[in-house]
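Next comes target.csv, a file with CSV, C-alpha atoms.
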chain,number,residue,atom,x,y,z
A,3,MET,CA,0.0,0.0,0.0
A,4,THR,CA,1.1,3.6,-0.6
A,5,ARG,CA,2.1,5.7,2.5
A,6,ARG,CA,-1.0,7.8,1.9
A,7,PHE,CA,-3.4,4.9,1.8
A,8,LYS,CA,-1.8,3.5,5.0
A,9,ALA,CA,-2.2,6.9,6.7
A,10,LEU,CA,-5.8,7.4,5.6
A,11,SER,CA,-6.6,3.8,6.5
A,12,LEU,CA,-5.5,4.5,10.1
A,13,ALA,CA,-7.5,7.7,10.2
A,14,LEU,CA,-10.5,5.9,8.8
A,15,MET,CA,-10.3,3.3,11.6
A,16,LEU,CA,-10.2,6.1,14.2
A,17,SER,CA,-13.2,7.8,12.6
A,18,VAL,CA,-16.5,7.7,14.4
A,19,CYS,CA,-18.2,6.5,11.3
A,20,ALA,CA,-16.9,3.1,10.3
A,21,GLN,CA,-18.2,3.4,6.8
A,22,LYS,CA,-16.7,6.8,6.0
A,23,ALA,CA,-15.2,6.8,2.5
A,24,LEU,CA,-11.6,8.2,2.1
A,25,ALA,CA,-11.5,11.4,-0.1
A,26,TRP,CA,-14.2,14.0,0.7
A,27,GLY,CA,-16.4,11.4,2.3
A,28,ALA,CA,-19.8,10.4,1.0
A,29,THR,CA,-21.4,13.7,1.9
A,30,GLY,CA,-18.9,15.9,0.1
A,31,HIS,CA,-18.6,13.8,-3.0
A,32,ARG,CA,-22.4,13.6,-3.4
A,33,MET,CA,-22.6,17.4,-3.1
A,34,ILE,CA,-19.9,18.1,-5.7
A,35,ALA,CA,-21.3,15.7,-8.2
A,36,VAL,CA,-25.0,16.6,-7.9
A,37,LEU,CA,-24.4,20.3,-7.8
A,38,GLY,CA,-21.9,20.3,-10.6
A,39,VAL,CA,-24.3,18.5,-12.9
A,40,LYS,CA,-27.4,20.4,-11.7
A,41,ALA,CA,-25.7,23.6,-12.6
A,42,LEU,CA,-25.1,22.7,-16.3
A,43,GLY,CA,-26.5,25.1,-18.9
A,44,PRO,CA,-29.5,24.4,-21.1
A,45,ASP,CA,-27.4,23.5,-24.1
A,46,LEU,CA,-26.2,20.3,-22.5
A,47,PRO,CA,-28.2,17.0,-22.9
A,48,GLY,CA,-31.3,17.1,-20.7
A,49,PHE,CA,-31.1,13.5,-19.6
A,50,LEU,CA,-28.2,14.4,-17.3
A,51,LYS,CA,-30.4,16.5,-15.1
A,52,THR,CA,-33.3,14.2,-14.6
A,53,PRO,CA,-33.8,13.2,-10.9
A,54,GLU,CA,-32.8,9.7,-11.6
A,55,ALA,CA,-29.6,10.7,-13.4
A,56,LEU,CA,-28.7,13.2,-10.6
A,57,THR,CA,-29.2,10.5,-7.9
A,58,ALA,CA,-27.1,8.0,-9.9
A,59,ILE,CA,-24.3,10.4,-10.5
A,60,GLY,CA,-24.2,11.4,-6.9
A,61,GLU,CA,-23.9,7.8,-5.7
A,62,LEU,CA,-21.4,6.9,-8.4
A,63,ALA,CA,-19.2,9.8,-7.3
A,64,ARG,CA,-18.5,7.6,-4.2
A,65,GLU,CA,-17.5,4.5,-6.2
A,66,PRO,CA,-13.7,5.0,-6.4
A,67,ASP,CA,-13.7,5.0,-2.6
A,68,ARG,CA,-16.2,2.2,-2.1
A,69,SER,CA,-14.2,-0.1,-4.3
A,70,LYS,CA,-11.0,0.2,-2.2
A,71,GLY,CA,-9.8,-3.1,-0.8
A,72,ALA,CA,-10.9,-5.1,-3.8
A,73,GLY,CA,-7.4,-6.5,-4.1
A,74,ARG,CA,-3.7,-5.7,-4.2
A,75,ILE,CA,-3.5,-5.1,-8.0
A,76,HIS,CA,-6.8,-3.1,-8.0
A,77,ASP,CA,-5.7,-0.9,-5.2
A,78,ALA,CA,-2.1,-0.4,-6.4
A,79,MET,CA,-3.4,0.8,-9.7
A,80,ARG,CA,-6.2,3.0,-8.5
A,81,ASP,CA,-5.3,4.4,-5.1
A,82,PRO,CA,-2.7,6.9,-6.4
A,83,ALA,CA,-5.3,8.4,-8.8
A,84,HIS,CA,-6.9,10.2,-5.8
A,85,PHE,CA,-4.0,12.6,-5.0
A,86,ILE,CA,-0.8,14.4,-6.1
A,87,ASP,CA,1.9,15.1,-3.5
A,88,LEU,CA,3.1,18.6,-4.2
A,89,ASP,CA,5.9,20.0,-2.1
A,90,ASP,CA,6.1,23.5,-0.8
A,91,ALA,CA,7.9,24.5,-4.1
A,92,GLY,CA,5.1,23.1,-6.2
A,93,LYS,CA,7.0,20.1,-7.4
A,94,VAL,CA,6.3,16.4,-7.2
A,95,GLY,CA,8.9,14.1,-5.8
A,96,GLY,CA,11.2,17.2,-5.5
A,97,VAL,CA,11.9,17.0,-9.2
A,98,VAL,CA,8.9,17.4,-11.4
A,99,ALA,CA,7.1,20.7,-11.9
A,100,LEU,CA,3.5,20.4,-13.0
A,101,GLU,CA,3.9,23.1,-15.6
A,102,PRO,CA,4.4,21.9,-18.2
A,103,LEU,CA,2.8,18.6,-17.3
A,104,PRO,CA,4.5,15.6,-18.8
A,105,LEU,CA,2.4,14.4,-21.7
A,106,THR,CA,1.7,10.9,-20.3
A,107,ARG,CA,1.8,9.2,-17.0
A,108,GLY,CA,4.7,7.1,-18.4
A,109,GLU,CA,6.7,10.3,-19.0
A,110,PHE,CA,5.7,11.6,-15.6
A,111,ASP,CA,7.0,8.4,-14.0
A,112,ALA,CA,10.3,8.5,-16.0
A,113,SER,CA,10.9,12.0,-14.6
A,114,LEU,CA,10.0,11.0,-11.1
A,115,ARG,CA,12.4,8.1,-11.2
A,116,THR,CA,15.3,10.6,-11.6
A,117,GLY,CA,14.4,11.6,-8.0
A,118,GLY,CA,14.1,8.1,-6.7
A,119,THR,CA,10.3,7.8,-6.7
A,120,ASP,CA,7.3,7.2,-9.0
A,121,SER,CA,3.6,8.0,-9.3
A,122,SER,CA,2.5,5.0,-7.2
A,123,ARG,CA,4.0,6.9,-4.3
A,124,THR,CA,3.4,10.6,-5.3
A,125,GLY,CA,0.0,10.1,-6.9
A,126,TYR,CA,-1.2,11.0,-10.4
A,127,LEU,CA,-4.4,12.9,-9.8
A,128,PRO,CA,-4.0,15.3,-12.8
A,129,TYR,CA,-3.9,12.3,-15.2
A,130,ALA,CA,-7.0,10.8,-13.7
A,131,MET,CA,-8.8,14.1,-14.3
A,132,ILE,CA,-7.6,14.4,-17.9
A,133,ASP,CA,-8.3,10.7,-18.7
A,134,GLY,CA,-11.9,11.0,-17.4
A,135,TRP,CA,-12.5,14.2,-19.3
A,136,GLN,CA,-11.2,12.7,-22.5
A,137,GLN,CA,-13.5,9.7,-22.1
A,138,LEU,CA,-16.5,12.0,-21.4
A,139,THR,CA,-15.7,14.0,-24.6
A,140,LYS,CA,-15.7,10.8,-26.6
A,141,ASP,CA,-19.0,9.6,-25.0
A,142,PHE,CA,-20.6,12.9,-25.8
A,143,ALA,CA,-19.4,12.7,-29.4
A,144,TYR,CA,-21.1,9.3,-29.8
A,145,TRP,CA,-24.3,10.6,-28.2
A,146,ARG,CA,-24.4,13.5,-30.7
A,147,VAL,CA,-24.0,11.2,-33.7
A,148,LEU,CA,-26.5,8.6,-32.4
A,149,ASN,CA,-29.2,11.3,-32.0
A,150,LEU,CA,-28.5,12.5,-35.5
A,151,ALA,CA,-28.4,9.0,-37.0
A,152,ILE,CA,-31.7,7.7,-35.6
A,153,PRO,CA,-34.1,9.7,-37.9
A,154,LEU,CA,-31.7,9.0,-40.8
A,155,ALA,CA,-31.9,5.2,-40.4
A,156,LYS,CA,-33.0,3.5,-43.6
A,157,THR,CA,-34.8,0.5,-42.0
A,158,PRO,CA,-36.8,-0.1,-38.8
A,159,GLN,CA,-34.2,-2.6,-37.7
A,160,LYS,CA,-31.4,-0.1,-38.0
A,161,ARG,CA,-33.4,2.5,-36.2
A,162,ALA,CA,-34.1,0.1,-33.4
A,163,TRP,CA,-30.4,-0.8,-33.0
A,164,LEU,CA,-29.5,2.9,-33.0
A,165,LYS,CA,-32.1,3.7,-30.3
A,166,ALA,CA,-30.8,0.8,-28.1
A,167,ASP,CA,-27.3,2.0,-28.6
A,168,LEU,CA,-28.3,5.5,-27.6
A,169,ALA,CA,-29.8,4.1,-24.4
A,170,ARG,CA,-26.5,2.3,-23.7
A,171,ARG,CA,-24.5,5.4,-24.3
A,172,GLN,CA,-26.6,7.5,-22.0
A,173,ALA,CA,-26.2,4.9,-19.2
A,174,LEU,CA,-22.4,4.8,-19.9
A,175,ILE,CA,-22.2,8.7,-19.8
A,176,ILE,CA,-23.9,8.7,-16.4
A,177,ASN,CA,-21.6,6.0,-15.1
A,178,ASN,CA,-18.4,7.5,-16.5
A,179,LEU,CA,-19.3,11.0,-15.4
A,180,GLY,CA,-20.2,10.0,-11.9
A,181,ILE,CA,-17.0,8.1,-11.4
A,182,TRP,CA,-14.8,10.8,-13.0
A,183,SER,CA,-16.5,13.4,-10.8
A,184,HIS,CA,-14.9,11.8,-7.8
A,185,TYR,CA,-11.4,12.7,-9.0
A,186,VAL,CA,-12.5,16.3,-9.9
A,187,GLY,CA,-13.8,16.4,-6.3
A,188,ASP,CA,-10.6,15.1,-4.8
A,189,ALA,CA,-8.7,17.9,-6.6
A,190,SER,CA,-10.7,20.5,-4.6
A,191,GLN,CA,-9.6,19.1,-1.3
A,192,PRO,CA,-6.3,20.8,-0.3
A,193,LEU,CA,-5.0,17.7,1.6
A,194,HIS,CA,-5.2,15.7,-1.7
A,195,VAL,CA,-2.7,18.0,-3.4
A,196,THR,CA,0.1,18.2,-0.9
A,197,GLU,CA,2.8,16.1,0.8
A,198,HIS,CA,1.4,17.5,4.0
A,199,PHE,CA,-1.7,15.3,3.5
A,200,ASN,CA,-2.5,14.1,7.0
A,201,GLY,CA,-0.7,16.3,9.5
A,202,TRP,CA,2.3,18.4,8.5
A,203,GLY,CA,4.6,15.4,8.6
A,204,GLU,CA,8.4,15.1,8.9
A,205,PHE,CA,9.1,18.4,7.3
A,206,PRO,CA,10.3,21.8,8.7
A,207,ASN,CA,7.4,23.1,10.7
A,208,PRO,CA,8.4,26.6,12.1
A,209,LYS,CA,4.7,27.6,12.6
A,210,GLY,CA,3.9,24.5,14.6
A,211,TYR,CA,1.1,23.1,12.5
A,212,THR,CA,-0.6,19.9,13.7
A,213,LEU,CA,1.0,16.5,13.3
A,214,SER,CA,-2.2,14.7,14.0
A,215,ARG,CA,-2.8,11.7,11.7
A,216,THR,CA,-6.6,12.1,12.1
A,217,LEU,CA,-6.7,15.6,10.4
A,218,HIS,CA,-7.5,14.3,6.9
A,219,ALA,CA,-10.5,12.2,7.8
A,220,ARG,CA,-11.7,14.6,10.5
A,221,PHE,CA,-11.8,17.6,8.1
A,222,GLU,CA,-13.2,16.1,4.9
A,223,GLY,CA,-15.6,13.6,6.5
A,224,GLN,CA,-16.8,14.3,10.0
A,225,PHE,CA,-16.6,18.1,9.8
A,226,VAL,CA,-18.4,18.3,6.4
A,227,ARG,CA,-21.1,15.9,7.5
A,228,GLN,CA,-21.9,17.8,10.7
A,229,ASN,CA,-21.5,21.3,9.5
A,230,ILE,CA,-22.0,21.8,5.7
A,231,GLU,CA,-25.4,22.2,4.0
A,232,GLN,CA,-25.8,21.6,0.3
A,233,LYS,CA,-27.7,24.8,-0.3
A,234,ALA,CA,-24.8,26.8,1.2
A,235,VAL,CA,-22.4,25.1,-1.2
A,236,GLU,CA,-24.7,25.7,-4.1
A,237,ALA,CA,-24.9,29.4,-3.2
A,238,ALA,CA,-21.1,29.7,-2.9
A,239,MET,CA,-20.4,28.3,-6.4
A,240,PRO,CA,-18.7,30.9,-8.6
A,241,ALA,CA,-20.2,31.8,-12.0
A,242,PRO,CA,-19.4,29.6,-15.0
A,243,VAL,CA,-16.0,30.1,-16.7
A,244,ALA,CA,-15.6,29.4,-20.4
A,245,CYS,CA,-12.0,28.5,-20.8
A,246,SER,CA,-10.4,28.4,-24.2
A,247,CYS,CA,-7.5,26.4,-22.7
A,248,THR,CA,-6.7,22.7,-23.0
A,249,ILE,CA,-7.9,20.2,-20.4
A,250,GLU,CA,-4.3,20.0,-19.2
A,251,GLN,CA,-4.1,23.7,-18.6
A,252,ALA,CA,-7.6,23.8,-16.9
A,253,SER,CA,-6.6,20.9,-14.6
A,254,LEU,CA,-3.4,22.5,-13.5
A,255,SER,CA,-5.0,25.9,-12.8
A,256,TYR,CA,-7.5,24.1,-10.7
A,257,LEU,CA,-4.9,22.1,-8.8
A,258,LYS,CA,-2.8,25.2,-8.2
A,259,ALA,CA,-5.8,27.1,-6.7
A,260,THR,CA,-6.4,24.2,-4.4
A,261,ALA,CA,-2.8,23.9,-3.4
A,262,ALA,CA,-2.8,27.6,-2.4
A,263,ASP,CA,-5.3,26.6,0.4
A,264,VAL,CA,-3.0,24.0,2.0
A,265,GLU,CA,-1.3,26.3,4.5
A,266,PRO,CA,-4.5,28.3,5.2
A,267,LEU,CA,-6.2,25.0,6.1
A,268,TYR,CA,-3.4,24.2,8.6
A,269,ALA,CA,-3.4,27.7,10.1
A,270,LEU,CA,-7.2,27.5,10.5
A,271,GLU,CA,-6.9,24.1,12.2
A,272,LYS,CA,-4.3,25.5,14.6
A,273,ASP,CA,-6.6,28.3,15.5
A,274,GLY,CA,-9.5,26.0,16.3
A,275,GLY,CA,-11.4,26.7,13.1
A,276,PHE,CA,-12.5,23.1,12.6
A,277,ASN,CA,-14.0,22.7,16.0
A,278,LEU,CA,-17.7,21.7,15.7
A,279,GLY,CA,-19.8,24.7,14.5
A,280,ASP,CA,-16.9,27.1,14.0
A,281,ALA,CA,-18.1,29.6,11.3
A,282,ARG,CA,-14.6,30.0,9.9
A,283,GLY,CA,-14.1,26.3,9.2
A,284,LYS,CA,-17.6,26.1,7.7
A,285,ALA,CA,-16.9,28.9,5.3
A,286,PHE,CA,-13.6,27.3,4.3
A,287,ALA,CA,-15.0,23.8,3.7
A,288,THR,CA,-18.0,25.3,1.9
A,289,GLY,CA,-15.7,27.2,-0.4
A,290,ARG,CA,-13.6,24.2,-1.3
A,291,LEU,CA,-16.7,22.1,-2.0
A,292,ALA,CA,-18.2,24.9,-4.1
A,293,ALA,CA,-14.9,25.1,-6.1
A,294,GLY,CA,-15.2,21.4,-6.8
A,295,ALA,CA,-18.8,21.6,-8.0
A,296,ALA,CA,-18.1,24.7,-10.1
A,297,THR,CA,-15.1,23.1,-11.7
A,298,LEU,CA,-17.0,19.9,-12.5
A,299,ARG,CA,-19.7,22.0,-14.1
A,300,ASP,CA,-17.2,23.9,-16.2
A,301,LEU,CA,-15.2,20.8,-17.3
A,302,ILE,CA,-18.4,18.9,-18.3
A,303,THR,CA,-19.4,21.9,-20.4
A,304,MET,CA,-15.9,22.1,-21.9
A,305,ALA,CA,-16.1,18.3,-22.8
A,306,TRP,CA,-19.6,18.8,-24.4
A,307,ARG,CA,-18.3,21.6,-26.6
A,308,ALA,CA,-15.2,19.7,-27.6
A,309,SER,CA,-17.3,16.7,-28.5
A,310,GLU,CA,-18.9,18.5,-31.5
A,311,SER,CA,-15.6,18.3,-33.4
A,312,ALA,CA,-14.3,15.0,-31.8
A,313,THR,CA,-14.1,11.9,-34.0
A,314,ILE,CA,-15.5,8.5,-33.3
A,315,GLY,CA,-15.5,5.1,-34.9
A,316,TRP,CA,-13.2,3.4,-37.3
A,317,PRO,CA,-12.4,4.8,-39.8
A,318,ALA,CA,-12.8,7.9,-37.8
A,319,PHE,CA,-15.6,10.3,-38.6
A,320,SER,CA,-17.3,13.3,-36.9
A,321,PHE,CA,-20.7,14.7,-36.2
A,322,ALA,CA,-20.1,17.2,-39.1
A,323,ASP,CA,-19.5,14.3,-41.5
A,324,VAL,CA,-23.0,12.8,-40.6
A,325,ALA,CA,-24.7,16.2,-40.6
A,326,SER,CA,-23.4,17.0,-44.1
A,327,GLY,CA,-24.5,13.6,-45.5
A,328,LYS,CA,-20.8,12.7,-46.2
A,329,ILE,CA,-21.3,9.4,-44.3
A,330,ASP,CA,-24.0,7.0,-43.3
A,331,PRO,CA,-23.0,6.3,-39.6
A,332,PHE,CA,-24.9,3.0,-39.1
A,333,GLU,CA,-22.2,0.6,-40.3
A,334,PRO,CA,-19.3,2.3,-38.5
A,335,LEU,CA,-21.4,2.5,-35.4
A,336,ILE,CA,-22.5,-1.1,-35.4
A,337,GLY,CA,-18.9,-2.2,-36.4
A,338,LEU,CA,-17.5,-3.5,-39.6
A,339,ASP,CA,-14.7,-5.4,-37.9

If you convert what's in this file into structure tokens, what do you get?
Amino acid sequence: MTRRFKALSLALMLSVCAQKALAWGATGHRMIAVLGVKALGPDLPGFLKTPEALTAIGELAREPDRSKGAGRIHDAMRDPAHFIDLDDAGKVGGVVALEPLPLTRGEFDASLRTGGTDSSRTGYLPYAMIDGWQQLTKDFAYWRVLNLAIPLAKTPQKRAWLKADLARRQALIINNLGIWSHYVGDASQPLHVTEHFNGWGEFPNPKGYTLSRTLHARFEGQFVRQNIEQKAVEAAMPAPVACSCTIEQASLSYLKATAADVEPLYALEKDGGFNLGDARGKAFATGRLAAGAATLRDLITMAWRASESATIGWPAFSFADVASGKIDPFEPLIGLD
């Protein structure tokens, strides 16, 4: 197990609630996922905001934590996706700066190994965020084409297959979006983007910040559950931001903003801000959850807009190819082998 998973497992055992998930906790992850999707604009597919879809997405947002402990290989592959250990200089493993982000996780690992570590120990949260966004973009591209293809189908049998495939794609979008929202949510929690992830740790500590190994679970789980209301988080969400940047740039800007709140979190804890009912701690946690929900909203919107020009199938074609009559999408959708 990674050192982070060991530490969080200990904190989990010490928690009042034996079923508390690791990251934001069930309460926080549900809030981020539901509020992020609920806030989507009217140009996005309506099926995402049905009560059934919102409920499913909120529950699926917990799944990456609920699946922990499935087995050694499963956990070793997935646990490091929840975090990125940035040091006080903004580097990972003391050697890799996030800007520019290495193009692949393989390149990231190669750079980390020059400093004697790898992403199984430092985490690879940015790559989990980018991977999920790219999958959602591809899902949306298929959804667009299927909706266009159904009325163009040349036989009832083809139309029936396309309708069934659209239903499968919508279910897949809800599943993939819900699970991906977990990692977007993790990236709004300051203790998921720092080497000081559960107490300040064995680092210079001139300001005397807590060394408690229960801080992580206490802040994101118990404190949120007892103090934070969903309507307050919704009210605190900033207005939508239309970024013309890449998903890599958007992800790094988000992570940097969260990392800027690491020391304020420790200073607030030192001053008693996370005692039950303290208004300062409530405002801080509400703000971080609101940032997660707003970023999820903006990244989903970004994926939807990118999907209009994305290609699907093999040989690759686009929504524009179908709309212009250049291609009959049925055969490439059903598969020509």

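Within 12 Å of the point (-23.1, 21.8, 15.5), and counting all atoms listed in the file, the protein, DNA and RNA residues are Gln224, Phe225, Val226, Arg227, Gln228, Asn229, Ile230, Glu231, Phe276, Asn277, Leu278, Gly279, Asp280, Ala281, Gly283 and Lys284 of chain A.
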
Place a sphere of radius 9 Å on (-26.5, 22.7, -6.6) in the file coordinates and name every protein, DNA or RNA residue with an atom inside or on its surface, counting all atoms listed in the file; give the answer as a compact mmCIF listing (two decimals) with C-alpha atoms, in the coordinates of the input.
# COMPACT_ATOMS: atom_id res chain seq x y z
CA MET A 33 -22.60 17.40 -3.10
CA ILE A 34 -19.90 18.10 -5.70
CA ALA A 35 -21.30 15.70 -8.20
CA VAL A 36 -25.00 16.60 -7.90
CA LEU A 37 -24.40 20.30 -7.80
CA GLY A 38 -21.90 20.30 -10.60
CA VAL A 39 -24.30 18.50 -12.90
CA LYS A 40 -27.40 20.40 -11.70
CA ALA A 41 -25.70 23.60 -12.60
CA GLN A 232 -25.80 21.60 0.30
CA LYS A 233 -27.70 24.80 -0.30
CA ALA A 234 -24.80 26.80 1.20
CA VAL A 235 -22.40 25.10 -1.20
CA GLU A 236 -24.70 25.70 -4.10
CA ALA A 237 -24.90 29.40 -3.20
CA MET A 239 -20.40 28.30 -6.40
CA ALA A 292 -18.20 24.90 -4.10
CA ALA A 295 -18.80 21.60 -8.00

*All residues 12 Å or closer to Gln172 in chain A, all atoms listed in the file, same chain fewer than 6 positions away omitted, as a PyMOL selection string*: chain A and resi 47-51+55+138+141-146+148-149+165-166+178-179

*Counting only C-alpha atoms, the option among A:Ala285, A:Ala58, A:Ile249, A:Met79 closest to Ala173 in chain A*: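 Looking only at the distances to Ala173 in chain A, the closest residue turns out to be A:Ala58.
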
*Choose the residue, out of A:Ala63, A:Val94, A:Leu103, A:Ala83, that has the smallest atom-to-atom separation from Ser122 in chain A; count all atoms listed in the file.*
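Nearest to Ser122 in chain A: A:Ala83.
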
*Would you work out the distance separating CA of Pro104 in chain A from CA of Pro82 in chain A, expressed in Å to one decimal?*
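Between CA of Pro104 in chain A and CA of Pro82 in chain A the gap is 16.8 Å.
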
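Using all atoms listed in the file, the smallest distance between any of A:Val98, A:Leu213, A:Val324, A:Cys245 and Ala112 in chain A comes from A:Val98.
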
_Nearest residue to Trp26 in chain A from the set A:Ser190, A:Thr248, A:Thr297, A:Thr52 (distances using all atoms listed in the file)_ =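 Using all atoms listed in the file, Trp26 in chain A sits closest to A:Ser190.
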
*Closest to Ala189 in chain A among A:Asp263, A:Asp323, A:Asp167, A:Glu61, using all atoms listed in the file?*
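Using all atoms listed in the file, Ala189 in chain A sits closest to A:Asp263.
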
*In Å, rounded to a single decimal, give me how far CA of Ile132 in chain A is from CA of Ala318 in chain A.*
21.6 Å

*Could you check how far CA of Asn200 in chain A sits from CA of Leu217 in chain A, in Å to one decimal?*
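We find that CA of Asn200 in chain A and CA of Leu217 in chain A lie 5.6 Å from each other.
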
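In this comparison, which uses all atoms listed in the file, the residue of A:Val97, A:Gly274, A:Tyr256, A:Pro102 approaching Gly118 in chain A most closely is A:Val97.
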